[in-house]
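Listing of query07.cif, mmCIF, C-alpha atoms
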data_structure
#
loop_
_atom_site.group_PDB
_atom_site.id
_atom_site.type_symbol
_atom_site.label_atom_id
_atom_site.label_comp_id
_atom_site.auth_asym_id
_atom_site.auth_seq_id
_atom_site.Cartn_x
_atom_site.Cartn_y
_atom_site.Cartn_z
ATOM 1 C CA MET M 1 -1.808 21.585 19.440
ATOM 2 C CA ASN M 2 1.068 22.365 17.092
ATOM 3 C CA SER M 3 1.949 20.113 14.157
ATOM 4 C CA THR M 4 4.656 18.243 16.116
ATOM 5 C CA ASP M 5 2.180 17.387 18.873
ATOM 6 C CA ILE M 6 -0.360 16.295 16.269
ATOM 7 C CA ILE M 7 2.077 14.049 14.461
ATOM 8 C CA LEU M 8 3.311 12.487 17.703
ATOM 9 C CA LYS M 9 -0.271 11.723 18.677
ATOM 10 C CA MET M 10 -0.928 10.128 15.277
ATOM 11 C CA VAL M 11 2.161 7.941 15.403
ATOM 12 C CA PHE M 12 1.695 6.834 19.018
ATOM 13 C CA ASP M 13 -2.042 6.258 18.599
ATOM 14 C CA ARG M 14 -1.172 3.835 15.796
ATOM 15 C CA TRP M 15 1.600 2.170 17.802
ATOM 16 C CA ASN M 16 -0.598 1.752 20.883
ATOM 17 C CA ALA M 17 -3.634 0.555 18.926
ATOM 18 C CA SER M 18 -1.443 -1.990 17.136
ATOM 19 C CA LEU M 19 -0.009 -3.267 20.423
ATOM 20 C CA LYS M 20 -3.531 -3.512 21.812
ATOM 21 C CA ALA M 21 -4.739 -5.538 18.820
ATOM 22 C CA TRP M 22 -1.781 -7.923 19.161
ATOM 23 C CA ASP M 23 -2.399 -8.276 22.923
ATOM 24 C CA LYS M 24 -6.095 -8.966 22.443
ATOM 25 C CA LEU M 25 -5.298 -11.642 19.903
ATOM 26 C CA LEU M 26 -2.620 -13.173 22.104
ATOM 27 C CA ASN M 27 -5.077 -13.394 24.983
ATOM 28 C CA GLU M 28 -7.655 -15.083 22.774
ATOM 29 C CA LEU M 29 -5.250 -17.738 21.520
ATOM 30 C CA THR M 30 -4.502 -20.782 23.683
ATOM 31 C CA ASP M 31 -0.985 -22.130 24.158
ATOM 32 C CA GLU M 32 -1.984 -25.031 21.905
ATOM 33 C CA GLN M 33 -3.085 -22.688 19.134
ATOM 34 C CA LEU M 34 0.192 -20.769 19.390
ATOM 35 C CA GLN M 35 2.103 -24.008 18.817
ATOM 36 C CA LYS M 36 0.515 -24.313 15.380
ATOM 37 C CA GLU M 37 1.842 -22.950 12.079
ATOM 38 C CA VAL M 38 -0.069 -19.894 10.813
ATOM 39 C CA ALA M 39 -0.277 -21.677 7.431
ATOM 40 C CA PRO M 40 1.073 -25.075 6.353
ATOM 41 C CA GLY M 41 4.875 -25.042 6.486
ATOM 42 C CA LYS M 42 5.075 -21.441 7.746
ATOM 43 C CA ASN M 43 6.060 -19.924 11.125
ATOM 44 C CA ARG M 44 4.364 -21.076 14.302
ATOM 45 C CA GLY M 45 2.517 -18.585 16.512
ATOM 46 C CA VAL M 46 5.051 -19.161 19.290
ATOM 47 C CA TYR M 47 7.865 -18.190 16.931
ATOM 48 C CA LEU M 48 6.064 -14.996 15.899
ATOM 49 C CA LEU M 49 5.632 -14.086 19.558
ATOM 50 C CA GLY M 50 9.338 -14.637 20.249
ATOM 51 C CA HIS M 51 10.214 -12.742 17.079
ATOM 52 C CA MET M 52 8.146 -9.757 18.175
ATOM 53 C CA ILE M 53 9.864 -9.658 21.575
ATOM 54 C CA ALA M 54 13.300 -9.869 19.943
ATOM 55 C CA VAL M 55 12.502 -7.059 17.482
ATOM 56 C CA HIS M 56 11.099 -4.826 20.213
ATOM 57 C CA ASP M 57 14.152 -5.588 22.353
ATOM 58 C CA ASP M 58 16.279 -4.132 19.583
ATOM 59 C CA MET M 59 14.167 -0.971 19.834
ATOM 60 C CA LEU M 60 15.564 -0.350 23.318
ATOM 61 C CA VAL M 61 19.042 -0.179 21.799
ATOM 62 C CA LEU M 62 18.014 1.828 18.728
ATOM 63 C CA LEU M 63 16.207 4.356 20.904
ATOM 64 C CA ASP M 64 19.150 4.534 23.312
ATOM 65 C CA MET M 65 16.970 3.389 26.179
ATOM 66 C CA GLY M 66 19.203 0.717 27.649
ATOM 67 C CA GLU M 67 20.263 -2.865 27.044
ATOM 68 C CA ARG M 68 18.125 -5.654 25.586
ATOM 69 C CA LEU M 69 15.990 -7.483 28.176
ATOM 70 C CA TYR M 70 16.309 -10.848 26.399
ATOM 71 C CA PRO M 71 19.550 -10.621 24.402
ATOM 72 C CA ASP M 72 19.740 -14.353 23.592
ATOM 73 C CA TRP M 73 16.462 -14.262 21.729
ATOM 74 C CA HIS M 74 17.879 -12.221 18.864
ATOM 75 C CA GLN M 75 19.693 -15.375 17.783
ATOM 76 C CA THR M 76 16.657 -17.620 18.323
ATOM 77 C CA PHE M 77 13.922 -15.469 16.815
ATOM 78 C CA ILE M 78 15.615 -13.158 14.296
ATOM 79 C CA ASP M 79 18.806 -14.834 13.067
ATOM 80 C CA SER M 80 17.330 -18.354 13.036
ATOM 81 C CA PRO M 81 14.206 -19.424 11.150
ATOM 82 C CA ASP M 82 11.415 -21.222 13.001
ATOM 83 C CA LYS M 83 11.968 -24.900 13.767
ATOM 84 C CA SER M 84 15.756 -24.642 13.330
ATOM 85 C CA VAL M 85 16.562 -24.167 17.034
ATOM 86 C CA ALA M 86 16.074 -27.312 19.123
ATOM 87 C CA VAL M 87 14.853 -25.700 22.333
ATOM 88 C CA ILE M 88 12.965 -22.423 22.493
ATOM 89 C CA PRO M 89 11.290 -20.782 25.507
ATOM 90 C CA SER M 90 7.838 -22.012 26.526
ATOM 91 C CA VAL M 91 4.720 -20.123 25.458
ATOM 92 C CA GLN M 92 4.150 -19.134 29.079
ATOM 93 C CA GLU M 93 7.659 -17.700 29.418
ATOM 94 C CA LEU M 94 7.180 -15.765 26.183
ATOM 95 C CA ARG M 95 3.778 -14.448 27.272
ATOM 96 C CA ASP M 96 5.251 -13.240 30.583
ATOM 97 C CA SER M 97 8.264 -11.694 28.869
ATOM 98 C CA TRP M 98 6.072 -9.924 26.320
ATOM 99 C CA ARG M 99 3.971 -8.380 29.073
ATOM 100 C CA ASN M 100 7.049 -7.327 31.024
ATOM 101 C CA GLN M 101 8.727 -5.861 27.957
ATOM 102 C CA CYS M 102 5.620 -3.871 26.973
ATOM 103 C CA GLU M 103 5.575 -2.299 30.426
ATOM 104 C CA VAL M 104 9.294 -1.450 30.326
ATOM 105 C CA ILE M 105 9.090 0.071 26.834
ATOM 106 C CA LYS M 106 5.966 2.049 27.744
ATOM 107 C CA GLN M 107 7.672 3.563 30.782
ATOM 108 C CA ARG M 108 10.846 4.431 28.912
ATOM 109 C CA LEU M 109 8.948 6.001 26.008
ATOM 110 C CA GLU M 110 7.180 8.257 28.473
ATOM 111 C CA ASN M 111 10.538 9.649 29.582
ATOM 112 C CA LEU M 112 11.244 11.138 26.172
ATOM 113 C CA SER M 113 10.169 14.705 25.454
ATOM 114 C CA PRO M 114 8.548 15.627 22.100
ATOM 115 C CA GLY M 115 11.781 17.087 20.716
ATOM 116 C CA ASP M 116 13.748 13.904 21.492
ATOM 117 C CA TRP M 117 11.794 12.009 18.849
ATOM 118 C CA PHE M 118 13.427 14.025 16.093
ATOM 119 C CA ASP M 119 16.924 13.153 17.301
ATOM 120 C CA ARG M 120 18.881 10.428 15.540
ATOM 121 C CA HIS M 121 18.556 6.788 16.558
ATOM 122 C CA THR M 122 21.690 4.818 17.455
ATOM 123 C CA ALA M 123 22.085 3.033 14.088
ATOM 124 C CA ILE M 124 22.892 6.224 12.184
ATOM 125 C CA SER M 125 25.989 8.378 12.568
ATOM 126 C CA ALA M 126 25.791 12.086 13.386
ATOM 127 C CA GLU M 127 27.346 12.773 9.990
ATOM 128 C CA ASP M 128 24.743 10.792 8.016
ATOM 129 C CA PHE M 129 21.918 12.176 10.122
ATOM 130 C CA VAL M 130 22.638 15.666 8.838
ATOM 131 C CA LYS M 131 21.816 14.420 5.338
ATOM 132 C CA GLU M 132 18.993 12.068 6.416
ATOM 133 C CA PRO M 133 17.107 13.740 9.285
ATOM 134 C CA HIS M 134 14.124 11.411 8.832
ATOM 135 C CA ARG M 135 16.197 8.583 10.288
ATOM 136 C CA ASN M 136 15.168 9.703 13.739
ATOM 137 C CA LYS M 137 13.790 7.944 16.801
ATOM 138 C CA LEU M 138 10.205 8.510 15.751
ATOM 139 C CA ASN M 139 10.865 6.580 12.561
ATOM 140 C CA ILE M 140 11.721 3.533 14.686
ATOM 141 C CA ILE M 141 8.168 3.659 16.070
ATOM 142 C CA VAL M 142 6.732 4.135 12.568
ATOM 143 C CA THR M 143 8.583 1.176 11.074
ATOM 144 C CA ARG M 144 7.985 -1.142 14.048
ATOM 145 C CA THR M 145 4.283 -0.333 13.880
ATOM 146 C CA THR M 146 4.071 -1.638 10.322
ATOM 147 C CA HIS M 147 6.188 -4.657 11.318
ATOM 148 C CA LEU M 148 3.772 -5.425 14.154
ATOM 149 C CA ASN M 149 0.778 -5.185 11.818
ATOM 150 C CA TYR M 150 2.414 -7.449 9.259
ATOM 151 C CA HIS M 151 2.718 -10.245 11.809
ATOM 152 C CA THR M 152 -0.658 -9.531 13.434
ATOM 153 C CA GLY M 153 -2.171 -10.312 10.030
ATOM 154 C CA GLN M 154 -0.484 -13.708 10.299
ATOM 155 C CA LEU M 155 -1.152 -14.467 13.958
ATOM 156 C CA ILE M 156 -4.883 -13.893 13.498
ATOM 157 C CA LEU M 157 -4.991 -16.858 11.112
ATOM 158 C CA LEU M 158 -4.629 -19.142 14.148
ATOM 159 C CA LYS M 159 -8.070 -18.106 15.429
ATOM 160 C CA MET X 160 14.191 20.361 6.357
ATOM 161 C CA ASN X 161 11.692 21.475 8.988
ATOM 162 C CA SER X 162 9.840 18.980 11.180
ATOM 163 C CA THR X 163 6.750 18.955 8.928
ATOM 164 C CA ASP X 164 8.864 18.053 5.890
ATOM 165 C CA ILE X 165 10.638 15.363 7.915
ATOM 166 C CA ILE X 166 7.423 13.786 9.120
ATOM 167 C CA LEU X 167 5.900 13.851 5.641
ATOM 168 C CA LYS X 168 8.960 12.105 4.285
ATOM 169 C CA MET X 169 8.764 9.451 7.025
ATOM 170 C CA VAL X 170 5.082 8.751 6.440
ATOM 171 C CA PHE X 171 5.309 8.662 2.643
ATOM 172 C CA ASP X 172 8.508 6.612 2.649
ATOM 173 C CA ARG X 173 6.624 4.000 4.664
ATOM 174 C CA TRP X 174 3.552 4.186 2.427
ATOM 175 C CA ASN X 175 5.603 3.879 -0.765
ATOM 176 C CA ALA X 176 7.832 1.100 0.567
ATOM 177 C CA SER X 177 4.727 -0.822 1.663
ATOM 178 C CA LEU X 178 3.119 -0.437 -1.765
ATOM 179 C CA LYS X 179 6.359 -1.580 -3.369
ATOM 180 C CA ALA X 180 6.521 -4.687 -1.175
ATOM 181 C CA TRP X 181 2.904 -5.553 -2.021
ATOM 182 C CA ASP X 182 3.552 -5.015 -5.748
ATOM 183 C CA LYS X 183 6.677 -7.148 -5.713
ATOM 184 C CA LEU X 184 4.775 -9.944 -4.024
ATOM 185 C CA LEU X 185 1.849 -9.617 -6.420
ATOM 186 C CA ASN X 186 4.203 -9.909 -9.381
ATOM 187 C CA GLU X 187 5.813 -13.009 -7.923
ATOM 188 C CA LEU X 188 2.507 -14.802 -7.353
ATOM 189 C CA THR X 189 0.788 -16.545 -10.259
ATOM 190 C CA ASP X 190 -2.951 -16.246 -10.903
ATOM 191 C CA GLU X 191 -3.263 -19.840 -9.666
ATOM 192 C CA GLN X 192 -1.519 -19.015 -6.397
ATOM 193 C CA LEU X 193 -3.793 -16.015 -5.887
ATOM 194 C CA GLN X 194 -6.824 -18.287 -6.191
ATOM 195 C CA LYS X 195 -5.686 -20.172 -3.068
ATOM 196 C CA GLU X 196 -6.587 -19.437 0.547
ATOM 197 C CA VAL X 197 -3.730 -17.864 2.545
ATOM 198 C CA ALA X 198 -4.411 -20.498 5.236
ATOM 199 C CA PRO X 199 -7.030 -23.275 5.344
ATOM 200 C CA GLY X 200 -10.520 -21.742 5.452
ATOM 201 C CA LYS X 201 -9.234 -18.153 5.314
ATOM 202 C CA ASN X 202 -9.380 -15.470 2.605
ATOM 203 C CA ARG X 203 -8.058 -16.183 -0.879
ATOM 204 C CA GLY X 204 -5.287 -14.049 -2.358
ATOM 205 C CA VAL X 205 -7.668 -12.773 -5.025
ATOM 206 C CA TYR X 206 -10.042 -11.540 -2.328
ATOM 207 C CA LEU X 207 -7.220 -9.728 -0.511
ATOM 208 C CA LEU X 208 -6.261 -8.022 -3.765
ATOM 209 C CA GLY X 209 -9.844 -6.896 -4.364
ATOM 210 C CA HIS X 210 -10.122 -5.830 -0.725
ATOM 211 C CA MET X 211 -7.012 -3.666 -1.032
ATOM 212 C CA ILE X 212 -8.349 -1.933 -4.142
ATOM 213 C CA ALA X 213 -11.701 -1.302 -2.436
ATOM 214 C CA VAL X 214 -10.043 0.137 0.684
ATOM 215 C CA HIS X 215 -7.737 2.362 -1.357
ATOM 216 C CA ASP X 216 -10.713 3.486 -3.443
ATOM 217 C CA ASP X 217 -12.287 4.761 -0.237
ATOM 218 C CA MET X 218 -9.117 6.804 0.320
ATOM 219 C CA LEU X 219 -9.969 8.895 -2.741
ATOM 220 C CA VAL X 220 -13.206 9.929 -1.044
ATOM 221 C CA LEU X 221 -11.666 10.397 2.415
ATOM 222 C CA LEU X 222 -8.909 12.567 0.979
ATOM 223 C CA ASP X 223 -11.413 14.552 -1.115
ATOM 224 C CA MET X 224 -9.626 13.554 -4.305
ATOM 225 C CA GLY X 225 -12.618 12.474 -6.358
ATOM 226 C CA GLU X 226 -15.022 9.578 -6.754
ATOM 227 C CA ARG X 227 -14.216 5.893 -6.311
ATOM 228 C CA LEU X 228 -12.794 4.252 -9.444
ATOM 229 C CA TYR X 229 -14.470 0.885 -8.716
ATOM 230 C CA PRO X 230 -17.490 1.732 -6.550
ATOM 231 C CA ASP X 231 -19.143 -1.710 -6.855
ATOM 232 C CA TRP X 232 -16.192 -3.422 -5.247
ATOM 233 C CA HIS X 233 -16.884 -1.925 -1.838
ATOM 234 C CA GLN X 234 -19.833 -4.329 -1.620
ATOM 235 C CA THR X 235 -17.850 -7.288 -2.965
ATOM 236 C CA PHE X 236 -14.595 -6.884 -1.063
ATOM 237 C CA ILE X 237 -15.426 -4.961 2.123
ATOM 238 C CA ASP X 238 -19.072 -5.570 2.992
ATOM 239 C CA SER X 239 -19.067 -9.225 1.907
ATOM 240 C CA PRO X 240 -16.708 -11.900 3.198
ATOM 241 C CA ASP X 241 -14.714 -14.013 0.754
ATOM 242 C CA LYS X 242 -16.577 -16.814 -1.035
ATOM 243 C CA SER X 243 -19.992 -15.256 -0.319
ATOM 244 C CA VAL X 244 -20.335 -13.448 -3.670
ATOM 245 C CA ALA X 245 -20.959 -15.770 -6.631
ATOM 246 C CA VAL X 246 -19.037 -13.879 -9.282
ATOM 247 C CA ILE X 247 -16.026 -11.682 -8.592
ATOM 248 C CA PRO X 248 -13.672 -9.995 -11.089
ATOM 249 C CA SER X 249 -10.894 -12.088 -12.613
ATOM 250 C CA VAL X 250 -7.374 -11.937 -11.233
ATOM 251 C CA GLN X 251 -6.259 -10.228 -14.422
ATOM 252 C CA GLU X 252 -8.912 -7.538 -14.102
ATOM 253 C CA LEU X 253 -7.924 -6.968 -10.479
ATOM 254 C CA ARG X 254 -4.227 -6.788 -11.336
ATOM 255 C CA ASP X 255 -4.929 -4.202 -14.059
ATOM 256 C CA SER X 256 -7.227 -2.200 -11.788
ATOM 257 C CA TRP X 257 -4.668 -2.225 -8.972
ATOM 258 C CA ARG X 258 -1.982 -0.874 -11.278
ATOM 259 C CA ASN X 259 -4.302 1.797 -12.643
ATOM 260 C CA GLN X 260 -5.481 2.824 -9.183
ATOM 261 C CA CYS X 261 -1.915 3.106 -7.845
ATOM 262 C CA GLU X 262 -1.062 5.470 -10.680
ATOM 263 C CA VAL X 263 -4.184 7.601 -10.117
ATOM 264 C CA ILE X 264 -3.630 7.835 -6.359
ATOM 265 C CA LYS X 265 0.059 8.648 -6.831
ATOM 266 C CA GLN X 266 -0.754 11.521 -9.185
ATOM 267 C CA ARG X 267 -3.465 12.943 -6.970
ATOM 268 C CA LEU X 268 -1.295 12.747 -3.853
ATOM 269 C CA GLU X 269 1.353 14.774 -5.631
ATOM 270 C CA ASN X 270 -1.158 17.592 -6.101
ATOM 271 C CA LEU X 271 -1.458 18.161 -2.360
ATOM 272 C CA SER X 272 0.850 20.667 -0.700
ATOM 273 C CA PRO X 273 2.516 19.886 2.669
ATOM 274 C CA GLY X 274 0.010 21.984 4.616
ATOM 275 C CA ASP X 275 -2.980 20.174 3.068
ATOM 276 C CA TRP X 276 -2.045 16.995 4.920
ATOM 277 C CA PHE X 277 -2.946 18.580 8.229
ATOM 278 C CA ASP X 278 -6.445 19.488 7.031
ATOM 279 C CA ARG X 279 -9.389 17.331 8.034
ATOM 280 C CA HIS X 280 -10.415 14.321 5.983
ATOM 281 C CA THR X 281 -13.995 14.029 4.722
ATOM 282 C CA ALA X 282 -15.243 11.640 7.432
ATOM 283 C CA ILE X 283 -14.882 14.186 10.243
ATOM 284 C CA SER X 284 -16.909 17.377 10.677
ATOM 285 C CA ALA X 285 -15.265 20.788 10.961
ATOM 286 C CA GLU X 286 -16.639 20.979 14.502
ATOM 287 C CA ASP X 287 -15.115 17.678 15.652
ATOM 288 C CA PHE X 288 -11.853 18.440 13.877
ATOM 289 C CA VAL X 289 -11.266 21.410 16.178
ATOM 290 C CA LYS X 290 -11.170 18.979 19.100
ATOM 291 C CA GLU X 291 -9.406 16.152 17.212
ATOM 292 C CA PRO X 292 -6.861 17.729 14.847
ATOM 293 C CA HIS X 293 -5.016 14.431 14.441
ATOM 294 C CA ARG X 294 -7.921 13.169 12.339
ATOM 295 C CA ASN X 295 -6.343 14.772 9.313
ATOM 296 C CA LYS X 296 -5.564 13.590 5.793
ATOM 297 C CA LEU X 297 -2.100 12.412 6.745
ATOM 298 C CA ASN X 298 -3.638 10.042 9.266
ATOM 299 C CA ILE X 299 -5.456 8.316 6.402
ATOM 300 C CA ILE X 300 -2.054 7.482 4.905
ATOM 301 C CA VAL X 301 -0.742 6.325 8.304
ATOM 302 C CA THR X 302 -3.675 3.984 8.969
ATOM 303 C CA ARG X 303 -3.839 2.597 5.424
ATOM 304 C CA THR X 304 -0.122 1.849 5.593
ATOM 305 C CA THR X 305 -0.626 -0.416 8.600
ATOM 306 C CA HIS X 306 -3.673 -1.968 6.896
ATOM 307 C CA LEU X 307 -1.569 -2.731 3.822
ATOM 308 C CA ASN X 308 1.152 -4.338 5.932
ATOM 309 C CA TYR X 309 -1.375 -6.462 7.818
ATOM 310 C CA HIS X 310 -2.570 -8.044 4.571
ATOM 311 C CA THR X 311 0.915 -8.230 3.038
ATOM 312 C CA GLY X 312 1.805 -10.484 5.970
ATOM 313 C CA GLN X 313 -1.036 -12.736 4.810
ATOM 314 C CA LEU X 314 -0.479 -12.586 1.055
ATOM 315 C CA ILE X 315 3.159 -13.638 1.445
ATOM 316 C CA LEU X 316 1.982 -16.966 2.851
ATOM 317 C CA LEU X 317 0.958 -17.947 -0.690
ATOM 318 C CA LYS X 318 4.615 -17.996 -1.811
#
In structure tokens, how does this file's structure come out?
Amino acid sequence: MNSTDIILKMVFDRWNASLKAWDKLLNELTDEQLQKEVAPGKNRGVYLLGHMIAVHDDMLVLLDMGERLYPDWHQTFIDSPDKSVAVIPSVQELRDSWRNQCEVIKQRLENLSPGDWFDRHTAISAEDFVKEPHRNKLNIIVTRTTHLNYHTGQLILLK
Amino acid sequence: MNSTDIILKMVFDRWNASLKAWDKLLNELTDEQLQKEVAPGKNRGVYLLGHMIAVHDDMLVLLDMGERLYPDWHQTFIDSPDKSVAVIPSVQELRDSWRNQCEVIKQRLENLSPGDWFDRHTAISAEDFVKEPHRNKLNIIVTRTTHLNYHTGQLILLK
């Protein structure tokens, strides 16, 4: 194993373990629990689930892997705070969409070769990338892994 | 920049940004706020702060950078759940210790050269490391970064 292979394993082990922890938690929580706020006056579980789908949908674009699967949810779960949008998708629809999205992302990630991960993501220009080569596709996985953990720490409070 | 330099920058950017976010939050929260539970019946802010110091203290040992600075706190903030130990350090003592520990860890990290990060950490044998080269020192930073984000997502609920 060379150092690139090692680092890719480290990053994807963390990403996959974080997804697994979120999934486990999601399966343990009932729809009723997900309707509750993680703490008084804070986001509901259902909002965090929608938020996670919307953020991971953006990854498809950033990684140049196609269009968003649920483009309308960016507005609902990123641009708008919880409880400000009158009608949001049901917990069941969000659970199904999450599962579907995980499968799609997993398949598309597998199509990338090790070298592709050090190419630029779509939110940085070729010109800037010369000066900032760390703003690559792999960094999208690194930053979304910490994002996922941040909200897992909140979702677990519903247990 | 070669790919090792790029990956080190990515990992340490994430680690440092996560520490900065935690620090900012800690400075915004009063001692009274830190005495509260992040959600009803869950850990108090003060416990999370002690827990973070205890976990980062273990990093010193895992990274072979010396002894723990606050060895007794492993028992108080990792082995014991919140509210099970009669007397814990004051918020002020924890704040001071956190600041001190961050400075110590920062200095010791700077003493490592890029290649050192791909050496094994102290919790894996030389024999196992041959088969699992991803269990290196850098992976300690990667996993503690997600740990820090997990609890930052909780601590922010006190705002």
Apply the PyMOL selection byres ((chain M) within 8 of (chain X)) to the structure shown and report the selected residues as a list in words.
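Evaluating the PyMOL selection byres ((chain M) within 8 of (chain X)) on this file yields Met1, Ser3, Thr4, Ile6, Ile7, Lys9, Met10, Val11, Arg14, Val38, Ala39, Pro40, Lys42, Phe118, Pro133, His134, Asn139, Val142, Thr143, Thr145, Thr146, His147, Asn149, Tyr150, His151, Thr152, Gly153, Gln154 and Leu157 of chain M.
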Leaving out Lys296 (chain X) and any residue of its chain fewer than 5 positions from it, which residues lie within 9 Å of it when counting all atoms listed in the file, given as a ChimeraX atom specification?
/X:221-222,275-281
Can you spell out as a list in words the set of residues that the PyMOL selection byres ((chain X and resi 228) around 10) selects in the structure I just provided?
Ile212, Ala213, His215, Asp216, Asp217, Leu219, Gly225, Glu226, Arg227, Tyr229, Pro230, Asp231, Trp232, Ser256, Asn259, Gln260 and Val263 of chain X
For the residues in the current selection, export C-alpha atoms as a PDB file, keeping the file's coordinate frame.
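Output contents, as saved in result-v7.pdb:
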ATOM      1  CA  ILE X 212      -8.349  -1.933  -4.142  1.00  0.00           C
ATOM      2  CA  ALA X 213     -11.701  -1.302  -2.436  1.00  0.00           C
ATOM      3  CA  HIS X 215      -7.737   2.362  -1.357  1.00  0.00           C
ATOM      4  CA  ASP X 216     -10.713   3.486  -3.443  1.00  0.00           C
ATOM      5  CA  ASP X 217     -12.287   4.761  -0.237  1.00  0.00           C
ATOM      6  CA  LEU X 219      -9.969   8.895  -2.741  1.00  0.00           C
ATOM      7  CA  GLY X 225     -12.618  12.474  -6.358  1.00  0.00           C
ATOM      8  CA  GLU X 226     -15.022   9.578  -6.754  1.00  0.00           C
ATOM      9  CA  ARG X 227     -14.216   5.893  -6.311  1.00  0.00           C
ATOM     10  CA  TYR X 229     -14.470   0.885  -8.716  1.00  0.00           C
ATOM     11  CA  PRO X 230     -17.490   1.732  -6.550  1.00  0.00           C
ATOM     12  CA  ASP X 231     -19.143  -1.710  -6.855  1.00  0.00           C
ATOM     13  CA  TRP X 232     -16.192  -3.422  -5.247  1.00  0.00           C
ATOM     14  CA  SER X 256      -7.227  -2.200 -11.788  1.00  0.00           C
ATOM     15  CA  ASN X 259      -4.302   1.797 -12.643  1.00  0.00           C
ATOM     16  CA  GLN X 260      -5.481   2.824  -9.183  1.00  0.00           C
ATOM     17  CA  VAL X 263      -4.184   7.601 -10.117  1.00  0.00           C
TER      18      VAL X 263
END
Quote the spacing between CA of Glu269 (chain X) and CA of Val220 (chain X) in Å to one decimal place.
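For CA of Glu269 (chain X) relative to CA of Val220 (chain X), the distance reads 16.0 Å.
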Leu185 (chain X) environment, 9 Å, all atoms listed in the file, sequence neighbours closer than 4 positions dropped, as a ChimeraX atom specification
/X:180-181,189,193,208,254,314-315
For the structure provided, state which residues fall under the PyMOL selection byres ((chain X and resi 235) around 10), and present them as a ChimeraX atom specification.
/X:206,209-210,213,230-234,236-248
Have a look at CA of Cys261 (chain X) and CA of Phe288 (chain X) and let me know their distance in Å, one decimal.
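So the two atoms, CA of Cys261 (chain X) and CA of Phe288 (chain X), lie 28.4 Å apart.
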So that I can check the surroundings of Glu28 (chain M), please list as a PyMOL selection string every protein, DNA and RNA residue that reaches within 8 Å of it, counting only C-alpha atoms and ignoring chain neighbours fewer than 3 positions away.
chain M and resi 24-25+159
Can you sort out the box for region 6-17 of chain M, edges along x, y and z, all listed atoms in, 8 Å on every side, with centre and edge lengths in Å to one decimal, as AutoDock Vina command-line options?
--center_x -0.2 --center_y 8.4 --center_z 17.7 --size_x 22.9 --size_y 31.7 --size_z 22.4
Any idea what the distance is between CA of Ile283 (chain X) and CA of Leu19 (chain M)?
25.1 Å
With all atoms listed in the file as the counted atoms, please give the residues lying no more than 9 Å from Asp31 (chain M), apart from itself and same-chain residues fewer than 5 positions off, as a ChimeraX atom specification.
/M:46,91-92
